[in-house]
Amino acid sequence: MSLSTADIHADILVAGAGAAGLSAALALAQAGFSVVCVGHVDTRANGRTVALFEASLRFYKALGVWPHFRGKTAPLARIAMIDATGARFPVPSVSFAAAEIGLAAFGENIENNVLVEGLAEIAAATKNLFLHEGMIGDISFGVDAVLATLADGQRVTAKLAAAADGRMSPARTKAGIGTRVWTYPQIAFTALLSHPKPHRNISTEFHTRSGPCTLVPLRGVENKPNRSSLVWLMSPEAAERRRALSNSELAQEIEDQIDSLLGKIEIDGPGGFFPMAGMSANRLVGHRIALVGEAAHIFPPLAAQGLNLSLRDSAALADVLADARALGADIGSVRTLKTYEIARRSDIFIRTNGVDILNRSLLSNLFPVDFLRGAGLFAFSAIGPLRRALMREGVLTHGTLPRLMQKRPARRFTPSSRGTASIGMSGRG
Ligand SMILES: Cc1cc2nc3c(=O)[nH]c(=O)nc-3n(C[C@H](O)[C@H](O)[C@H](O)COP(=O)(O)OP(=O)(O)OC[C@H]3O[C@@H](n4cnc5c(N)ncnc54)[C@H](O)[C@@H]3O)c2cc1C
């Protein structure tokens with residue numbers, strides 16, 4: 001479809017085509033809205049994976065997209081935490097099994113670029129969703145509509161902008177939504193690893209004084225049946241030194257750090273170094289704009305919460321807007337958007353602060369902090385109901401889940417059976 005000389009009209013403009021933006025666009029299109037999603041689809045490998053937990057899997061299954069990823073993911077049946085901080089107080093190792101809460105697995109781990117590429121392919125085949133692989137040059141918020149001018153000069157008008165344009169979110173800035181930003185003295189090194197010993201679907205976290213060093217099971221490929229992804233938080237100085245190492249030297253340091261748990265390590269493809277920061281938007285909504293994903297919240301990759309939280313944003317936004325439309329209300333009105341803000345605030349607050357506390361408890365070597373962390377882990381290892389409550393909270397959350405995440409039979413992906421709204425175009429050439 002060529003839109004080179006047209007203005008595009010849709011119900012919703014999704015800014016950003018990362019995992020959060022594409023997922024929001026699919027959920028909104030499936031809810032029957034006409035959606036234009038604008039963003040560059042970045043499918044470069046950078047050694048990053050995402051562990052998608054039960055609620056996120058339900059979301060993708062309900063949208064019918066999950067079969068697309070069959071054979072590309074690895075289950076997380078167990079999570080083991082090993083203390084390697086050298087704390088003066090003995091901190092027990094803890095193991096969580098998905099079977100204890102009646103699940104075959106907590107979730108599935110998938111390479112970021114494989115997820116984004118697959119979502120983009122599905123988005124491109126979805127009837128009332130137009131994926132424009134470019135950038136938004138400017139966005140403005142009128143009384144009744146949002147107007148975006150794309151980098152190539154095309155214009156998009158919509159009743160609402162869902163801003164999923166990442167941590168710097170130009171749309172959020174333009175809407176005048178401020179943020180609270182903070183940093184951590186940590187860099188995350190990410191890589192995909194191959195190794196001789198099987199991971200047995202266990203994710204293992206070594207808790208060190210610079211943060212966790214986490215191995216997450218990854219699907220094997222031809223000639224490399226045993227693979228894992230690595231997220232290793234380290235000090236900026238250690239990251240600087242390791243950047244200069246060869247792959248074999250780096251592989252040896254990883255093997256030493258994880259006590260040769262998986263045998264001889266080989267680094268499989270490009271890795272990445274990511275400075276760790278936190279960010280929380282002061283508001284999740286503004287005039288005709290709702291924030292989704294990292295445009296709204298950022299925290300370090302502990303306990304694999306980031307994208308899972310973003311998918312709950314997407315699913316909740318789809319619920320709120322569908323409810324507003326059913327009542328005949330304006331989907332971009334203050335009242336509608338306030339409902340979204342209220343639905344998402346506490347989940348985002350709890351995850352952002354929970355991860356912050358956990359991370360800082362590792363970085364601190366104060367005895368009382370070590371004591372509390374050790375006592376907490378001891379309680380989780382010894383008290384079954386507490387352990388199960390924590391596991392459920394990690395994968396399903398305590399609040400009411402958005403409709404697309406509630407337990408129900410999965411539907412099959414049929415792009416042509418999606419919503420009936422259509423994207424309007426008017427010539428201006
Ligand atoms: C090391 C690491 C490991 C992680 N592991 C996990 C995990 O296991 N589980 C989990 O749930 N989460 C994990 N996360 C978090 C997760 O990766 C992120 O939350 C997620 O990738 C962010 O997606 P996003 O779409 O919100 O942002 P992004 O991926 O940053 O996408 C934003 C997009 O907006 C685009 N954009 C910006 N400006 C414009 C514009 N003007 N016009 C159009 N588009 C624009 C950008 O180009 C970009 O493509 C991890 C994070 C890190 C750093």
# chains A, B, ... in the order shown; residues from 1 in each chain; ligands from 1

$ select_by_dssp --residues "region 19-170 of chain A" --states "helix (DSSP H, G or I)" --output "number ranges by chain"
A: 19-30, 54-62, 66-69, 98-101, 112-124, 170

$ residues_near_ligand --ligand "ligand 1" --cutoff "6 Å" --atoms "only C-alpha atoms and all ligand atoms" --output "ChimeraX atom specification"
/A:15-21,38-40,48-52,135-137,164-166,169-170,188,190,231,293-294,301,304-308

$ residues_around --residues "region 392-404 of chain A" --least-positions-apart "6" --cutoff "8 Å" --atoms "only C-alpha atoms" --output "list in words"
Phe53, Glu54, Ala55, Arg58, Phe59, Ala62, Leu63, Ile101, Phe106, Gly107, Ala303, Gln305, Arg312, Ala315, Ala316, Asp319 and Asp347 of chain A

$ closest_residue --among "A:Gly328, A:Gly286, A:Pro212, A:Pro270" --to "Thr85 (chain A)" --atoms "only C-alpha atoms"
A:Pro212

$ residues_around --residues "Ser140 (chain A)" --least-positions-apart "3" --cutoff "8 Å" --atoms "only C-alpha atoms" --output "VMD selection string"
chain A and resid 146 to 148 174 to 175

$ select_by_dssp --residues "region 107-209 of chain A" --states "strand (DSSP E)" --output "PyMOL selection string"
chain A and resi 107-111+129-132+136-141+146-150+155-163+179-194+202-208

$ write_last_selection --atoms "N, CA and C atoms" --output "short mmCIF file (atom, residue, chain, number, x, y, z; two decimals), in the first residue's frame"
data_model
loop_
_atom_site.label_atom_id
_atom_site.label_comp_id
_atom_site.auth_asym_id
_atom_site.auth_seq_id
_atom_site.Cartn_x
_atom_site.Cartn_y
_atom_site.Cartn_z
N GLY A 107 7.33 -18.82 32.34
CA GLY A 107 7.20 -18.07 31.09
C GLY A 107 8.15 -18.62 30.06
N GLU A 108 8.39 -17.84 29.03
CA GLU A 108 9.24 -18.27 27.92
C GLU A 108 10.23 -17.16 27.61
N ASN A 109 11.46 -17.56 27.28
CA ASN A 109 12.50 -16.58 26.96
C ASN A 109 12.70 -16.54 25.44
N ILE A 110 12.80 -15.34 24.92
CA ILE A 110 12.92 -15.17 23.46
C ILE A 110 13.88 -14.03 23.16
N GLU A 111 14.61 -14.15 22.06
CA GLU A 111 15.52 -13.06 21.68
C GLU A 111 14.69 -11.83 21.28
N LEU A 129 -4.66 -2.15 10.85
CA LEU A 129 -3.42 -1.62 11.43
C LEU A 129 -2.46 -1.31 10.29
N PHE A 130 -1.99 -0.06 10.26
CA PHE A 130 -0.99 0.30 9.25
C PHE A 130 0.33 0.57 9.96
N LEU A 131 1.34 -0.23 9.60
CA LEU A 131 2.67 -0.05 10.19
C LEU A 131 3.51 0.77 9.23
N HIS A 132 3.90 1.95 9.68
CA HIS A 132 4.72 2.83 8.85
C HIS A 132 6.13 2.83 9.42
N ILE A 136 8.46 9.75 13.51
CA ILE A 136 7.61 10.93 13.65
C ILE A 136 8.54 12.13 13.78
N GLY A 137 8.34 13.12 12.90
CA GLY A 137 9.17 14.32 12.97
C GLY A 137 8.65 15.31 13.99
N ASP A 138 7.33 15.43 14.05
CA ASP A 138 6.72 16.38 15.00
C ASP A 138 5.33 15.88 15.36
N ILE A 139 4.90 16.23 16.54
CA ILE A 139 3.56 15.83 16.98
C ILE A 139 2.94 16.99 17.75
N SER A 140 1.66 17.25 17.50
CA SER A 140 0.99 18.31 18.26
C SER A 140 -0.39 17.82 18.67
N PHE A 141 -0.88 18.42 19.72
CA PHE A 141 -2.12 17.93 20.33
C PHE A 141 -3.18 19.02 20.26
N VAL A 146 -4.96 14.53 17.45
CA VAL A 146 -3.50 14.58 17.49
C VAL A 146 -3.05 14.70 16.04
N LEU A 147 -2.04 15.51 15.79
CA LEU A 147 -1.50 15.60 14.43
C LEU A 147 -0.01 15.28 14.48
N ALA A 148 0.39 14.28 13.71
CA ALA A 148 1.81 13.94 13.64
C ALA A 148 2.30 14.17 12.22
N THR A 149 3.43 14.83 12.11
CA THR A 149 4.07 14.96 10.80
C THR A 149 5.24 14.00 10.80
N LEU A 150 5.23 13.10 9.83
CA LEU A 150 6.27 12.08 9.79
C LEU A 150 7.54 12.64 9.14
N ARG A 155 1.35 13.10 6.90
CA ARG A 155 0.72 13.56 8.15
C ARG A 155 -0.28 12.52 8.62
N VAL A 156 -0.32 12.33 9.91
CA VAL A 156 -1.27 11.38 10.50
C VAL A 156 -2.12 12.15 11.50
N THR A 157 -3.44 11.98 11.41
CA THR A 157 -4.31 12.54 12.45
C THR A 157 -5.00 11.38 13.16
N ALA A 158 -5.19 11.53 14.46
CA ALA A 158 -5.83 10.48 15.25
C ALA A 158 -6.51 11.12 16.45
N LYS A 159 -7.40 10.33 17.08
CA LYS A 159 -8.08 10.87 18.27
C LYS A 159 -7.17 10.80 19.49
N LEU A 160 -6.21 9.88 19.42
CA LEU A 160 -5.35 9.64 20.58
C LEU A 160 -3.98 9.16 20.12
N ALA A 161 -2.94 9.58 20.84
CA ALA A 161 -1.60 9.02 20.60
C ALA A 161 -1.25 8.10 21.76
N ALA A 162 -0.85 6.87 21.43
CA ALA A 162 -0.28 5.98 22.44
C ALA A 162 1.23 6.08 22.25
N ALA A 163 1.90 6.72 23.20
CA ALA A 163 3.34 6.96 23.05
C ALA A 163 4.13 5.78 23.58
N THR A 179 9.42 13.91 33.91
CA THR A 179 9.86 12.59 34.40
C THR A 179 10.76 12.76 35.62
N ARG A 180 10.87 11.70 36.38
CA ARG A 180 11.87 11.62 37.45
C ARG A 180 12.88 10.58 36.98
N VAL A 181 14.14 10.99 36.92
CA VAL A 181 15.18 10.11 36.35
C VAL A 181 16.26 9.88 37.39
N TRP A 182 16.79 8.68 37.48
CA TRP A 182 17.90 8.41 38.39
C TRP A 182 18.82 7.38 37.74
N THR A 183 20.02 7.26 38.26
CA THR A 183 20.97 6.32 37.64
C THR A 183 21.48 5.34 38.69
N TYR A 184 22.07 4.27 38.23
CA TYR A 184 22.71 3.27 39.10
C TYR A 184 24.16 3.14 38.63
N PRO A 185 25.07 2.85 39.53
CA PRO A 185 26.48 2.71 39.12
C PRO A 185 26.71 1.31 38.51
N GLN A 186 25.96 1.02 37.46
CA GLN A 186 25.99 -0.33 36.89
C GLN A 186 25.84 -0.25 35.37
N ILE A 187 26.47 -1.22 34.72
CA ILE A 187 26.28 -1.43 33.28
C ILE A 187 25.82 -2.88 33.15
N ALA A 188 24.82 -3.11 32.29
CA ALA A 188 24.41 -4.50 32.02
C ALA A 188 25.13 -4.98 30.78
N PHE A 189 25.84 -6.07 30.92
CA PHE A 189 26.45 -6.71 29.74
C PHE A 189 25.53 -7.85 29.33
N THR A 190 25.14 -7.87 28.06
CA THR A 190 24.24 -8.92 27.60
C THR A 190 24.91 -9.71 26.48
N ALA A 191 24.66 -11.00 26.47
CA ALA A 191 25.22 -11.85 25.41
C ALA A 191 24.42 -13.13 25.32
N LEU A 192 24.48 -13.76 24.16
CA LEU A 192 23.92 -15.10 24.01
C LEU A 192 25.10 -16.07 24.11
N LEU A 193 24.88 -17.14 24.85
CA LEU A 193 25.96 -18.09 25.12
C LEU A 193 25.60 -19.47 24.59
N SER A 194 26.61 -20.22 24.15
CA SER A 194 26.37 -21.65 23.93
C SER A 194 27.32 -22.39 24.86
N ILE A 202 16.30 -24.06 33.65
CA ILE A 202 16.47 -23.33 34.92
C ILE A 202 17.17 -22.00 34.63
N SER A 203 16.58 -20.93 35.15
CA SER A 203 17.25 -19.63 35.08
C SER A 203 18.00 -19.45 36.40
N THR A 204 19.29 -19.13 36.31
CA THR A 204 20.10 -19.03 37.54
C THR A 204 20.62 -17.60 37.70
N GLU A 205 20.35 -17.02 38.88
CA GLU A 205 20.83 -15.67 39.18
C GLU A 205 21.92 -15.76 40.24
N PHE A 206 23.11 -15.28 39.92
CA PHE A 206 24.18 -15.15 40.92
C PHE A 206 24.12 -13.71 41.41
N HIS A 207 23.81 -13.53 42.69
CA HIS A 207 23.71 -12.17 43.22
C HIS A 207 25.09 -11.71 43.68
N THR A 208 25.63 -10.72 42.99
CA THR A 208 26.97 -10.22 43.35
C THR A 208 26.84 -8.79 43.90
#

$ closest_residue --among "A:Ser56, A:Pro225, A:Gln406, A:Arg388" --to "Ala99 (chain A)" --atoms "only C-alpha atoms"
A:Arg388

$ atom_distance --atom1 "CA of Leu337 (chain A)" --atom2 "CA of Val285 (chain A)"
6.2 Å

$ atom_distance --atom1 "CA of Phe33 (chain A)" --atom2 "CA of Arg351 (chain A)"
29.4 Å

$ closest_residue --among "A:Ala239, A:Ala324, A:Ala123, A:Ala27" --to "Gly272 (chain A)" --atoms "only C-alpha atoms"
A:Ala239

$ residues_around --residues "Ser333 (chain A)" --least-positions-apart "3" --cutoff "8 Å" --atoms "only C-alpha atoms" --output "MDAnalysis selection string"
chainID A and resid 287:288 329:330 336:337

$ closest_residue --among "A:Pro300, A:Ala74, A:Arg227, A:Gly424" --to "Val355 (chain A)" --atoms "only C-alpha atoms"
A:Pro300

$ residues_around --residues "Arg360 (chain A)" --least-positions-apart "4" --cutoff "10 Å" --atoms "only C-alpha atoms" --output "MDAnalysis selection string"
chainID A and resid 184 209:211 355:356 364:365 369
